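What follows is a single structure, written as structure tokens, with notes after it.
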Amino acid sequence: MTSYTKRTHTCGELREIHIGQTVTVTGWVDVRRDLGGVVFIDLRDRYGKTQVVFAPQHDITAYEKAQSLRSEYVISVTGKVERRPVGTENPELPTGTIDITAMELQILNKAETPPFPIEDAIDVSEELRLKYRYLDLRRPMMQRNLLARHRFYQITRAYYDRHGFIEVETPILMKSTPEGARDFLVPSRIHRGKFYALPQSPQTYKQILMVAGYDRYFQIVKCFRDEDLRADRQPEFTQIDVEMSFVDENDVLATTEGLIAELWSGILNVDVKVPFHRLTYKEAMEKYGSDKPDTRFRLEIADCSDIVAKSSFRIFSETVAQGGVVAGFAVPGQATITRNQLDGLTDLAKSLGAGGLVYVRVTDEKVESSVDKFVSPEEVKSIASRIGAKAGDLGLLISGPWQKALSILGSLRLEMANRLNLIPKGKWNFLWVTDFPLLEYSEEEKRFVAVHHPFTSPKPEDAGLLDTDPLKARARAYDLVLNGNEIAGGSIRIYNSELQSKMFGLLGIGPEEAKAKFGFLLEAFKYGAPPHGGIAYGVDRMVMLMTGMKSIRDVMAFPKTSSGLSLMDDSPSAVDEKQLKELHIRTI
RNA sequence: GGGAUCGUAGCUCAGUUUGGUUAGAGCGCCUGCCUGUCACGCAGGAGGCCGCGGGUUCGAGUCCCGUCGGUCCCGCCA
């Protein structure tokens, strides 16, 4: 039994067709306007707002009670839907042609004055929003974001179900594995000194599901990585995890494109053109200086190494001689950029590891550069021509090792696009980046590490390189990029235990360690592993982009701050000595 | 681990450059008046550990050191 009158309608649904009906609405007091003889209340729930009028001629008790109402009081109001007097309609509200004249008011709960108003246009620190997250989540914008996220889940489930995929849950308590990000560890009470790890992804489980014959799997799953946070990175985040058997890259990519199209049409009513453009990693780096290029604007990079290979400017010629690149891009109309701004760009380049930044200014009369003392005018002209700098344009050049120089150019490219407002709104530039290197060398660990993960298959034609020149081997890996954001990544996997063992060997994981850490997977591969591959999507990032947010925190109900704290419930926090003892743990 | 930036009323900020009387503004809040408002209006009022700790100084919101917290970035993120 409820002790209050339940709602007959939500606060968003009453219209002129309801005029004359007696209704009950429940919700939160959005704002109170007390005119003395009459009190107006905007009542809010997640469906909308409806104005309620309290006046003595309708009901004196309700009117008197309404004087005490304050923001965020929770009430139930019964009254009659009436047409608003001519001239008092509110065109801002969908319910603005009617209001409810109150006959009964029940105050279900009082509320303290909130530390910030419950509305979209707030100018308040994120710290405060996170501390009072339940109030922040009452704001229409946050409700819209979480609703979009909900729609995302529903469309995803329906799509994969329709295509024969089955959703399988995999453990949250699993084995800690080497490689990749730092694990979150969970001490075992029963097994003294042993630990579970929270999954960085369900990678090994989904591959084993393929061995088990569940040839189309998906899961909406939390993943955990104990690394530093960013606007688009949280220690726990959500992936759509997918794996398919008896497929190649094209099958995975096409299946993914189908889902993306349905998500964008279902949530944003946007038609996404498929298939998406594909770029190899090499092309992406050389043209955009990034493995997740933003193609909404140009500023494309051109290689000038051949022009300066014999240059008397030794920084250029020696870079080329050592196998590096001299490359750059043109910035239209920026020949007049100030010395000060150029210094800023130079500082940015240096902070990213560049030795320096060379610029070229093209005017109607001449082409001048910051290295005119060292580089011949013919070379400077050729460079300007190569990068496509015309009269009035600025050219920016970086020299250095291939990946480093191009990456810095990629950062400068983004910086210039932002400064000059070159990034158009409302564009959805999806593209695939393929043919990543399989391995890279880690200076820190003095060994090869997997670019994607250790289960990624090399391209068949590069298999021989594993023995001769492993860094040259390309992977059957692919990333989905949207407007310069990596939103999904996957690969065709190794399904042969010998090849997998060889991979571990290359990664410096010896047979003993491989057996200890991944023995179950190698063992499983001996019992009939099908060829398989898959992909995982970053749900938070995708919903962030879809809702136009700048941080994934705005599409997560309860995110952490950039130092990993939860300001609402104050976690992490100290625990009782008793708990530690049970877990055989001592803090140092 | 490193860099940048911020922390003053419930909120958003000014004041810090150049130390000096009683730390201000807008919004919000409270009280009163007001019967068609919707950023209601009008009048009045309350509200401060200047993040915290230490130092310099006759004197610190202001200078110095440390620390805690927010945001962004580099490293890190198979």
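Going through the structure tokens in order, the chains are called A, B, and so on, while each chain numbers its residues from 1 and the ligands are numbered from 1 in the order shown.
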Using only C-alpha atoms (C1' of nucleotides), determine which residues of chain B fall within 8 Å of chain A; present them as a list in words.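 Taken together, these residues fit the definition: G10, C11, U12, C29, C33, C34, U35, G36, U37, C38, C40, G70, U71, C74, C76, C77 and A78 of chain B.
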Could you find all residues in stretch 7-244 of chain A that DSSP calls helix (DSSP H, G or I) from the backbone, and write them as a PyMOL selection string? chain A and resi 16-18+60-66+126-131+133-136+140-162+203-211
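Separating atom CA of A:Gln322 from atom CA of A:Ser385 is a distance of 24.5 Å.
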